[in-house]
Amino acid sequence: MLKVLQLFIFTIFLISCTSNDENTLDDECTSTEMSSIDVVTIPSNGKVNEPIEMTLEYSLRNGCGKFSTLDQEVVDKTVTLSLEVIYKGCICTQDATKNSLEYTFTPTEAGEYTFVFSSADEDNETYKILVSE
């Protein structure tokens, strides 16, 4: 009877020690932040209703980082782009890396368009593109 009681207590102990807190741990080790757009490859002119392609290079501070979203805000002919990255994981390599992504904008009318690339340190980069008919 004593062995059965010991086995019962041991089983209860094991069950109480196992945890399904993996999601909690993932949540604790997940963060998002704005990333600076370091280099922009952008043409100086374009045409109405024709896509303008740009290459945006940005930095990740460690191996757990990856691209999350590129937010675009258009007011008149000013386009503001903000890049968000997500860092997921508690144990990350400490190698800062450069990544790039393609962004396409199709102007709907002629004129001078201003592109503002938001930076994490508030030092935004501004470029202008002249769009003709």
# chains A, B, ... in the order shown; residues from 1 in each chain; ligands from 1
>>> residues_around(residues="stretch 99-110 of chain A", least_positions_apart="4", cutoff="8 Å", atoms="only C-alpha atoms", output="ChimeraX atom specification")
/A:47-60,130-133
>>> residues_around(residues="A:Glu73", least_positions_apart="2", cutoff="12 Å", atoms="only C-alpha atoms", output="PDB file with C-alpha atoms, in the first residue's frame")
ATOM      1  CA  LEU A  70       5.711  48.046 -44.497  1.00  0.00           C
ATOM      2  CA  ASP A  71       3.206  50.767 -43.671  1.00  0.00           C
ATOM      3  CA  VAL A  75      -1.173  62.431 -48.328  1.00  0.00           C
ATOM      4  CA  ASP A  76      -1.485  64.336 -51.617  1.00  0.00           C
ATOM      5  CA  LYS A  77       1.798  63.514 -53.364  1.00  0.00           C
ATOM      6  CA  THR A  78       3.771  62.673 -50.233  1.00  0.00           C
ATOM      7  CA  VAL A  79       4.270  58.987 -49.493  1.00  0.00           C
ATOM      8  CA  THR A  80       5.600  58.051 -46.044  1.00  0.00           C
ATOM      9  CA  LEU A  81       6.913  54.511 -45.574  1.00  0.00           C
ATOM     10  CA  SER A  82       7.608  52.891 -42.198  1.00  0.00           C
ATOM     11  CA  LEU A  83       9.153  49.455 -41.875  1.00  0.00           C
ATOM     12  CA  PHE A 105       4.375  52.481 -56.234  1.00  0.00           C
ATOM     13  CA  THR A 114       7.970  63.029 -52.251  1.00  0.00           C
ATOM     14  CA  PHE A 115       8.897  59.746 -50.571  1.00  0.00           C
ATOM     15  CA  VAL A 116       9.721  59.873 -46.866  1.00  0.00           C
ATOM     16  CA  PHE A 117      11.356  56.787 -45.386  1.00  0.00           C
ATOM     17  CA  SER A 118      10.840  56.712 -41.627  1.00  0.00           C
TER      18      SER A 118
END
>>> atom_distance(atom1="atom CA of A:Tyr87", atom2="atom CA of A:Thr32")
6.1 Å
>>> select_by_dssp(residues="chain A", states="helix (DSSP H, G or I)", output="PyMOL selection string")
chain A and resi 2-17+22-28
>>> residues_around(residues="A:Cys92", least_positions_apart="6", cutoff="10 Å", atoms="only C-alpha atoms", output="PyMOL selection string")
chain A and resi 61-65
>>> select_by_dssp(residues="chain A", states="strand (DSSP E)", output="PyMOL selection string")
chain A and resi 30-35+37-41+45-47+52-60+65-75+78-88+97-105+111-117+125-132
>>> closest_residue(among="A:Ile86, A:Val74, A:Pro43, A:Thr69", to="A:Ser31", atoms="only C-alpha atoms")
A:Ile86
>>> closest_residue(among="A:Met34, A:Cys29, A:Cys90, A:Val39", to="A:Ser119", atoms="only C-alpha atoms")
A:Met34
>>> atom_distance(atom1="atom CA of A:Asn45", atom2="atom CA of A:Val85")
29.3 Å
>>> closest_residue(among="A:Glu125, A:Glu33, A:Asp38, A:Glu112", to="A:Lys66", atoms="only C-alpha atoms")
A:Glu33
>>> atom_distance(atom1="atom CA of A:Phe67", atom2="atom CA of A:Ala120")
14.6 Å
>>> decode(residues="stretch 115-132 of chain A", atoms="N, CA and C atoms", output="PDB file, in the first residue's frame")
ATOM      1  N   PHE A 115       8.896  60.996 -51.331  1.00  0.00           N
ATOM      2  CA  PHE A 115       8.897  59.746 -50.571  1.00  0.00           C
ATOM      3  C   PHE A 115       9.708  59.958 -49.305  1.00  0.00           C
ATOM      4  N   VAL A 116       9.066  59.725 -48.166  1.00  0.00           N
ATOM      5  CA  VAL A 116       9.721  59.873 -46.866  1.00  0.00           C
ATOM      6  C   VAL A 116       9.857  58.482 -46.268  1.00  0.00           C
ATOM      7  N   PHE A 117      11.087  58.103 -45.967  1.00  0.00           N
ATOM      8  CA  PHE A 117      11.356  56.787 -45.386  1.00  0.00           C
ATOM      9  C   PHE A 117      11.649  56.981 -43.910  1.00  0.00           C
ATOM     10  N   SER A 118      10.712  56.525 -43.068  1.00  0.00           N
ATOM     11  CA  SER A 118      10.840  56.712 -41.627  1.00  0.00           C
ATOM     12  C   SER A 118      12.033  55.957 -41.086  1.00  0.00           C
ATOM     13  N   SER A 119      12.633  56.556 -40.080  1.00  0.00           N
ATOM     14  CA  SER A 119      13.806  55.969 -39.448  1.00  0.00           C
ATOM     15  C   SER A 119      13.532  55.789 -37.966  1.00  0.00           C
ATOM     16  N   ALA A 120      14.136  54.783 -37.380  1.00  0.00           N
ATOM     17  CA  ALA A 120      13.945  54.523 -35.952  1.00  0.00           C
ATOM     18  C   ALA A 120      14.475  55.675 -35.108  1.00  0.00           C
ATOM     19  N   ASP A 121      15.481  56.394 -35.613  1.00  0.00           N
ATOM     20  CA  ASP A 121      16.065  57.494 -34.841  1.00  0.00           C
ATOM     21  C   ASP A 121      15.518  58.860 -35.262  1.00  0.00           C
ATOM     22  N   GLU A 122      14.371  58.886 -35.934  1.00  0.00           N
ATOM     23  CA  GLU A 122      13.680  60.110 -36.344  1.00  0.00           C
ATOM     24  C   GLU A 122      14.439  60.919 -37.393  1.00  0.00           C
ATOM     25  N   ASP A 123      15.501  60.387 -37.963  1.00  0.00           N
ATOM     26  CA  ASP A 123      16.270  61.058 -39.011  1.00  0.00           C
ATOM     27  C   ASP A 123      15.808  60.503 -40.354  1.00  0.00           C
ATOM     28  N   ASN A 124      14.647  60.977 -40.819  1.00  0.00           N
ATOM     29  CA  ASN A 124      14.008  60.422 -42.009  1.00  0.00           C
ATOM     30  C   ASN A 124      14.751  60.792 -43.288  1.00  0.00           C
ATOM     31  N   GLU A 125      14.751  59.857 -44.238  1.00  0.00           N
ATOM     32  CA  GLU A 125      15.333  60.090 -45.564  1.00  0.00           C
ATOM     33  C   GLU A 125      14.206  60.523 -46.499  1.00  0.00           C
ATOM     34  N   THR A 126      14.466  61.533 -47.332  1.00  0.00           N
ATOM     35  CA  THR A 126      13.463  62.045 -48.255  1.00  0.00           C
ATOM     36  C   THR A 126      14.002  62.009 -49.682  1.00  0.00           C
ATOM     37  N   TYR A 127      13.178  61.515 -50.608  1.00  0.00           N
ATOM     38  CA  TYR A 127      13.530  61.443 -52.026  1.00  0.00           C
ATOM     39  C   TYR A 127      12.374  62.005 -52.839  1.00  0.00           C
ATOM     40  N   LYS A 128      12.687  62.572 -53.993  1.00  0.00           N
ATOM     41  CA  LYS A 128      11.657  63.113 -54.873  1.00  0.00           C
ATOM     42  C   LYS A 128      11.720  62.412 -56.227  1.00  0.00           C
ATOM     43  N   ILE A 129      10.535  62.165 -56.793  1.00  0.00           N
ATOM     44  CA  ILE A 129      10.422  61.561 -58.117  1.00  0.00           C
ATOM     45  C   ILE A 129       9.503  62.449 -58.953  1.00  0.00           C
ATOM     46  N   LEU A 130       9.942  62.791 -60.145  1.00  0.00           N
ATOM     47  CA  LEU A 130       9.131  63.576 -61.064  1.00  0.00           C
ATOM     48  C   LEU A 130       8.365  62.614 -61.970  1.00  0.00           C
ATOM     49  N   VAL A 131       7.033  62.708 -61.927  1.00  0.00           N
ATOM     50  CA  VAL A 131       6.171  61.817 -62.705  1.00  0.00           C
ATOM     51  C   VAL A 131       5.547  62.614 -63.845  1.00  0.00           C
ATOM     52  N   SER A 132       5.692  62.092 -65.067  1.00  0.00           N
ATOM     53  CA  SER A 132       5.135  62.764 -66.246  1.00  0.00           C
ATOM     54  C   SER A 132       4.043  61.893 -66.869  1.00  0.00           C
TER      55      SER A 132
END
